[in-house]
Amino acid sequence: NKNNTELSGQGDIVYIDAGQVNKVVPGNVFSIYTQPRKSHDPDAHKDVVIPGALIGKLVVLEVKENSATGIITQNTRQVEIGDVVSLDI
């Protein structure tokens with residue numbers, strides 16, 4: 001985020017690694033998720049991926065070629081570097 005802190009919350013400015021090359025435009029809304037994690041399913045005897053949990057939303061303010069700046073509009077826990085974003089359709 002703008003202050004180089006590792007945790008962000010509602011009202012904070014953050015950067016995402018998607019931009020004009022990804023067709024991101026100002027006003028786009030992204031959902032923010034925790035990182036998916038791997039776990040072992042002992043019954044199936046295999047590793048499984050547990051999807052990330054929805055933790056917030058951000059609105060894009062400014063877009064550059066390979067990145068964008070957004071503001072967190074809501075969150076249920078602190079947003080961390082490495083959390084995943086997905087464009088809301």
# chains A, B, ... in the order shown; residues from 1 in each chain; ligands from 1
>>> residues_around(residues="Glu80 (chain A)", least_positions_apart="4", cutoff="10 Å", atoms="only C-alpha atoms", output="list in words")
Asn1, Thr5, Glu6, Leu7, Ser8, Gly9, Ile32, Tyr33, Thr34, Gln35 and Val84 of chain A
>>> write_last_selection(atoms="N, CA and C atoms", output="mmCIF file, in the first residue's frame")
data_model
loop_
_atom_site.group_PDB
_atom_site.id
_atom_site.type_symbol
_atom_site.label_atom_id
_atom_site.label_comp_id
_atom_site.auth_asym_id
_atom_site.auth_seq_id
_atom_site.Cartn_x
_atom_site.Cartn_y
_atom_site.Cartn_z
ATOM 1 N N ASN A 1 0.833 -1.184 0.000
ATOM 2 C CA ASN A 1 0.000 0.000 0.000
ATOM 3 C C ASN A 1 0.872 1.240 0.000
ATOM 4 N N THR A 5 3.302 -0.375 4.323
ATOM 5 C CA THR A 5 2.992 -1.246 5.444
ATOM 6 C C THR A 5 2.535 -2.588 4.893
ATOM 7 N N GLU A 6 2.555 -3.598 5.727
ATOM 8 C CA GLU A 6 2.219 -4.933 5.259
ATOM 9 C C GLU A 6 0.758 -5.301 5.490
ATOM 10 N N LEU A 7 0.040 -4.497 6.255
ATOM 11 C CA LEU A 7 -1.380 -4.749 6.506
ATOM 12 C C LEU A 7 -2.176 -3.520 6.100
ATOM 13 N N SER A 8 -3.315 -3.731 5.471
ATOM 14 C CA SER A 8 -4.154 -2.620 5.016
ATOM 15 C C SER A 8 -5.596 -2.894 5.366
ATOM 16 N N GLY A 9 -6.384 -1.822 5.429
ATOM 17 C CA GLY A 9 -7.796 -1.962 5.734
ATOM 18 C C GLY A 9 -8.620 -0.930 4.993
ATOM 19 N N ILE A 32 -11.163 -9.325 -2.900
ATOM 20 C CA ILE A 32 -9.863 -9.667 -2.327
ATOM 21 C C ILE A 32 -10.023 -10.969 -1.546
ATOM 22 N N TYR A 33 -9.124 -11.911 -1.803
ATOM 23 C CA TYR A 33 -9.171 -13.231 -1.165
ATOM 24 C C TYR A 33 -7.842 -13.543 -0.487
ATOM 25 N N THR A 34 -7.907 -14.384 0.542
ATOM 26 C CA THR A 34 -6.671 -14.925 1.105
ATOM 27 C C THR A 34 -6.062 -15.872 0.079
ATOM 28 N N GLN A 35 -4.790 -16.182 0.230
ATOM 29 C CA GLN A 35 -4.118 -17.129 -0.662
ATOM 30 C C GLN A 35 -4.763 -18.508 -0.515
ATOM 31 N N VAL A 84 -4.945 -12.305 -2.891
ATOM 32 C CA VAL A 84 -5.300 -12.460 -4.297
ATOM 33 C C VAL A 84 -6.512 -11.584 -4.623
#
>>> residues_around(residues="Gly27 (chain A)", least_positions_apart="6", cutoff="7 Å", atoms="only C-alpha atoms", output="number ranges by chain")
A: 59-61
>>> closest_residue(among="A:Ile81, A:Val24, A:Ser31, A:Val14", to="Leu54 (chain A)", atoms="only C-alpha atoms")
A:Ser31
>>> closest_residue(among="A:Val79, A:Val63, A:Ile89, A:Ile72", to="Lys23 (chain A)", atoms="only C-alpha atoms")
A:Val63
>>> atom_distance(atom1="CA of Val21 (chain A)", atom2="CA of Asp88 (chain A)")
17.4 Å
>>> closest_residue(among="A:Ser39, A:Asn22, A:Thr69, A:Asn75", to="Leu87 (chain A)", atoms="only C-alpha atoms")
A:Asn22
>>> select_by_dssp(residues="chain A", states="strand (DSSP E or B)", output="ChimeraX atom specification")
/A:7-8,13-16,29-33,37-41,46-50,54-63,68-75,79-80,84-87
>>> atom_distance(atom1="CA of Tyr15 (chain A)", atom2="CA of Arg77 (chain A)")
17.5 Å
>>> residues_around(residues="Gln10 (chain A)", least_positions_apart="4", cutoff="9 Å", atoms="only C-alpha atoms", output="number ranges by chain")
A: 56-58, 71-75, 78
>>> write_last_selection(atoms="N, CA and C atoms", output="PDB file, in the first residue's frame")
ATOM      1  N   GLY A  56     -12.501  -8.980   1.304  1.00  0.00           N
ATOM      2  CA  GLY A  56     -12.754  -7.568   1.070  1.00  0.00           C
ATOM      3  C   GLY A  56     -13.000  -7.220  -0.382  1.00  0.00           C
ATOM      4  N   LYS A  57     -13.120  -5.910  -0.615  1.00  0.00           N
ATOM      5  CA  LYS A  57     -13.354  -5.360  -1.948  1.00  0.00           C
ATOM      6  C   LYS A  57     -12.468  -4.130  -2.116  1.00  0.00           C
ATOM      7  N   LEU A  58     -12.074  -3.885  -3.374  1.00  0.00           N
ATOM      8  CA  LEU A  58     -11.365  -2.645  -3.676  1.00  0.00           C
ATOM      9  C   LEU A  58     -11.886  -2.081  -4.983  1.00  0.00           C
ATOM     10  N   ILE A  71      -8.510   1.593  -3.861  1.00  0.00           N
ATOM     11  CA  ILE A  71      -8.836   1.880  -2.465  1.00  0.00           C
ATOM     12  C   ILE A  71      -9.686   0.732  -1.934  1.00  0.00           C
ATOM     13  N   ILE A  72      -9.340   0.263  -0.745  1.00  0.00           N
ATOM     14  CA  ILE A  72     -10.120  -0.799  -0.111  1.00  0.00           C
ATOM     15  C   ILE A  72     -11.419  -0.184   0.393  1.00  0.00           C
ATOM     16  N   THR A  73     -12.549  -0.723  -0.084  1.00  0.00           N
ATOM     17  CA  THR A  73     -13.854  -0.181   0.302  1.00  0.00           C
ATOM     18  C   THR A  73     -14.505  -0.974   1.425  1.00  0.00           C
ATOM     19  N   GLN A  74     -14.077  -2.211   1.608  1.00  0.00           N
ATOM     20  CA  GLN A  74     -14.578  -3.023   2.725  1.00  0.00           C
ATOM     21  C   GLN A  74     -13.618  -4.177   2.956  1.00  0.00           C
ATOM     22  N   ASN A  75     -13.541  -4.610   4.192  1.00  0.00           N
ATOM     23  CA  ASN A  75     -12.720  -5.780   4.508  1.00  0.00           C
ATOM     24  C   ASN A  75     -13.179  -6.395   5.816  1.00  0.00           C
ATOM     25  N   GLN A  78      -7.580  -7.762   8.015  1.00  0.00           N
ATOM     26  CA  GLN A  78      -6.538  -6.970   7.383  1.00  0.00           C
ATOM     27  C   GLN A  78      -6.111  -7.609   6.061  1.00  0.00           C
TER      28      GLN A  78
END
>>> decode(residues="chain A", atoms="C-alpha atoms", output="PDB file, in the first residue's frame")
ATOM      1  CA  ASN A   1       0.000   0.000   0.000  1.00  0.00           C
ATOM      2  CA  LYS A   2       0.967   3.646  -0.141  1.00  0.00           C
ATOM      3  CA  ASN A   3       2.739   3.698   3.228  1.00  0.00           C
ATOM      4  CA  ASN A   4       4.757   0.514   2.594  1.00  0.00           C
ATOM      5  CA  THR A   5       2.992  -1.246   5.444  1.00  0.00           C
ATOM      6  CA  GLU A   6       2.219  -4.933   5.259  1.00  0.00           C
ATOM      7  CA  LEU A   7      -1.380  -4.749   6.506  1.00  0.00           C
ATOM      8  CA  SER A   8      -4.154  -2.620   5.016  1.00  0.00           C
ATOM      9  CA  GLY A   9      -7.796  -1.962   5.734  1.00  0.00           C
ATOM     10  CA  GLN A  10     -10.822   0.042   4.657  1.00  0.00           C
ATOM     11  CA  GLY A  11      -9.871   3.399   3.163  1.00  0.00           C
ATOM     12  CA  ASP A  12      -6.254   2.398   2.513  1.00  0.00           C
ATOM     13  CA  ILE A  13      -4.678   2.803  -0.917  1.00  0.00           C
ATOM     14  CA  VAL A  14      -3.205  -0.428  -2.307  1.00  0.00           C
ATOM     15  CA  TYR A  15      -1.485  -1.581  -5.490  1.00  0.00           C
ATOM     16  CA  ILE A  16      -2.349  -4.631  -7.570  1.00  0.00           C
ATOM     17  CA  ASP A  17      -0.226  -6.325 -10.209  1.00  0.00           C
ATOM     18  CA  ALA A  18      -2.795  -6.002 -13.007  1.00  0.00           C
ATOM     19  CA  GLY A  19      -3.062  -3.013 -15.316  1.00  0.00           C
ATOM     20  CA  GLN A  20      -3.822  -1.784 -18.824  1.00  0.00           C
ATOM     21  CA  VAL A  21      -2.367  -4.960 -20.369  1.00  0.00           C
ATOM     22  CA  ASN A  22      -5.030  -6.874 -18.373  1.00  0.00           C
ATOM     23  CA  LYS A  23      -7.782  -4.449 -19.516  1.00  0.00           C
ATOM     24  CA  VAL A  24      -8.172  -2.988 -16.001  1.00  0.00           C
ATOM     25  CA  VAL A  25      -9.865   0.439 -15.993  1.00  0.00           C
ATOM     26  CA  PRO A  26     -10.644   2.989 -13.249  1.00  0.00           C
ATOM     27  CA  GLY A  27     -13.858   2.042 -11.467  1.00  0.00           C
ATOM     28  CA  ASN A  28     -13.312  -1.719 -11.744  1.00  0.00           C
ATOM     29  CA  VAL A  29     -14.243  -3.529  -8.532  1.00  0.00           C
ATOM     30  CA  PHE A  30     -12.081  -6.417  -7.355  1.00  0.00           C
ATOM     31  CA  SER A  31     -12.784  -8.965  -4.645  1.00  0.00           C
ATOM     32  CA  ILE A  32      -9.863  -9.667  -2.327  1.00  0.00           C
ATOM     33  CA  TYR A  33      -9.171 -13.231  -1.165  1.00  0.00           C
ATOM     34  CA  THR A  34      -6.671 -14.925   1.105  1.00  0.00           C
ATOM     35  CA  GLN A  35      -4.118 -17.129  -0.662  1.00  0.00           C
ATOM     36  CA  PRO A  36      -5.397 -20.617  -1.506  1.00  0.00           C
ATOM     37  CA  ARG A  37      -3.670 -23.249   0.603  1.00  0.00           C
ATOM     38  CA  LYS A  38      -2.759 -26.868   0.175  1.00  0.00           C
ATOM     39  CA  SER A  39      -3.832 -29.559   2.584  1.00  0.00           C
ATOM     40  CA  HIS A  40      -3.693 -33.326   2.631  1.00  0.00           C
ATOM     41  CA  ASP A  41      -6.931 -35.315   2.463  1.00  0.00           C
ATOM     42  CA  PRO A  42      -6.150 -38.526   4.365  1.00  0.00           C
ATOM     43  CA  ASP A  43      -9.345 -40.252   3.158  1.00  0.00           C
ATOM     44  CA  ALA A  44      -8.586 -39.642  -0.522  1.00  0.00           C
ATOM     45  CA  HIS A  45      -4.834 -40.046   0.022  1.00  0.00           C
ATOM     46  CA  LYS A  46      -4.060 -36.922  -1.974  1.00  0.00           C
ATOM     47  CA  ASP A  47      -3.276 -33.242  -1.620  1.00  0.00           C
ATOM     48  CA  VAL A  48      -6.133 -30.802  -2.182  1.00  0.00           C
ATOM     49  CA  VAL A  49      -6.263 -27.025  -2.647  1.00  0.00           C
ATOM     50  CA  ILE A  50      -8.523 -25.092  -0.293  1.00  0.00           C
ATOM     51  CA  PRO A  51      -9.755 -21.905  -2.027  1.00  0.00           C
ATOM     52  CA  GLY A  52      -8.984 -18.540  -0.484  1.00  0.00           C
ATOM     53  CA  ALA A  53     -11.626 -16.849   1.648  1.00  0.00           C
ATOM     54  CA  LEU A  54     -13.265 -13.580   0.567  1.00  0.00           C
ATOM     55  CA  ILE A  55     -11.914 -10.833   2.819  1.00  0.00           C
ATOM     56  CA  GLY A  56     -12.754  -7.568   1.070  1.00  0.00           C
ATOM     57  CA  LYS A  57     -13.354  -5.360  -1.948  1.00  0.00           C
ATOM     58  CA  LEU A  58     -11.365  -2.645  -3.676  1.00  0.00           C
ATOM     59  CA  VAL A  59     -12.166  -0.064  -6.346  1.00  0.00           C
ATOM     60  CA  VAL A  60      -9.525   0.844  -8.941  1.00  0.00           C
ATOM     61  CA  LEU A  61      -8.592   4.535  -8.983  1.00  0.00           C
ATOM     62  CA  GLU A  62      -5.658   4.735 -11.419  1.00  0.00           C
ATOM     63  CA  VAL A  63      -4.235   2.291 -13.951  1.00  0.00           C
ATOM     64  CA  LYS A  64      -0.719   1.975 -15.348  1.00  0.00           C
ATOM     65  CA  GLU A  65       0.559  -0.514 -17.931  1.00  0.00           C
ATOM     66  CA  ASN A  66       1.178  -3.420 -15.541  1.00  0.00           C
ATOM     67  CA  SER A  67      -0.310  -2.249 -12.246  1.00  0.00           C
ATOM     68  CA  ALA A  68      -3.202  -0.349 -10.737  1.00  0.00           C
ATOM     69  CA  THR A  69      -3.910   1.694  -7.631  1.00  0.00           C
ATOM     70  CA  GLY A  70      -7.094   1.039  -5.705  1.00  0.00           C
ATOM     71  CA  ILE A  71      -8.836   1.880  -2.465  1.00  0.00           C
ATOM     72  CA  ILE A  72     -10.120  -0.799  -0.111  1.00  0.00           C
ATOM     73  CA  THR A  73     -13.854  -0.181   0.302  1.00  0.00           C
ATOM     74  CA  GLN A  74     -14.578  -3.023   2.725  1.00  0.00           C
ATOM     75  CA  ASN A  75     -12.720  -5.780   4.508  1.00  0.00           C
ATOM     76  CA  THR A  76     -13.410  -8.453   7.110  1.00  0.00           C
ATOM     77  CA  ARG A  77      -9.764  -8.806   8.139  1.00  0.00           C
ATOM     78  CA  GLN A  78      -6.538  -6.970   7.383  1.00  0.00           C
ATOM     79  CA  VAL A  79      -5.442  -7.225   3.754  1.00  0.00           C
ATOM     80  CA  GLU A  80      -1.888  -8.554   3.438  1.00  0.00           C
ATOM     81  CA  ILE A  81       0.750  -8.429   0.739  1.00  0.00           C
ATOM     82  CA  GLY A  82       0.208 -11.539  -1.383  1.00  0.00           C
ATOM     83  CA  ASP A  83      -3.565 -11.692  -0.988  1.00  0.00           C
ATOM     84  CA  VAL A  84      -5.300 -12.460  -4.297  1.00  0.00           C
ATOM     85  CA  VAL A  85      -7.658 -10.184  -6.250  1.00  0.00           C
ATOM     86  CA  SER A  86     -10.300 -11.164  -8.779  1.00  0.00           C
ATOM     87  CA  LEU A  87     -12.251  -8.780 -11.017  1.00  0.00           C
ATOM     88  CA  ASP A  88     -15.959  -8.687 -10.178  1.00  0.00           C
ATOM     89  CA  ILE A  89     -18.075  -9.181 -13.283  1.00  0.00           C
TER      90      ILE A  89
END
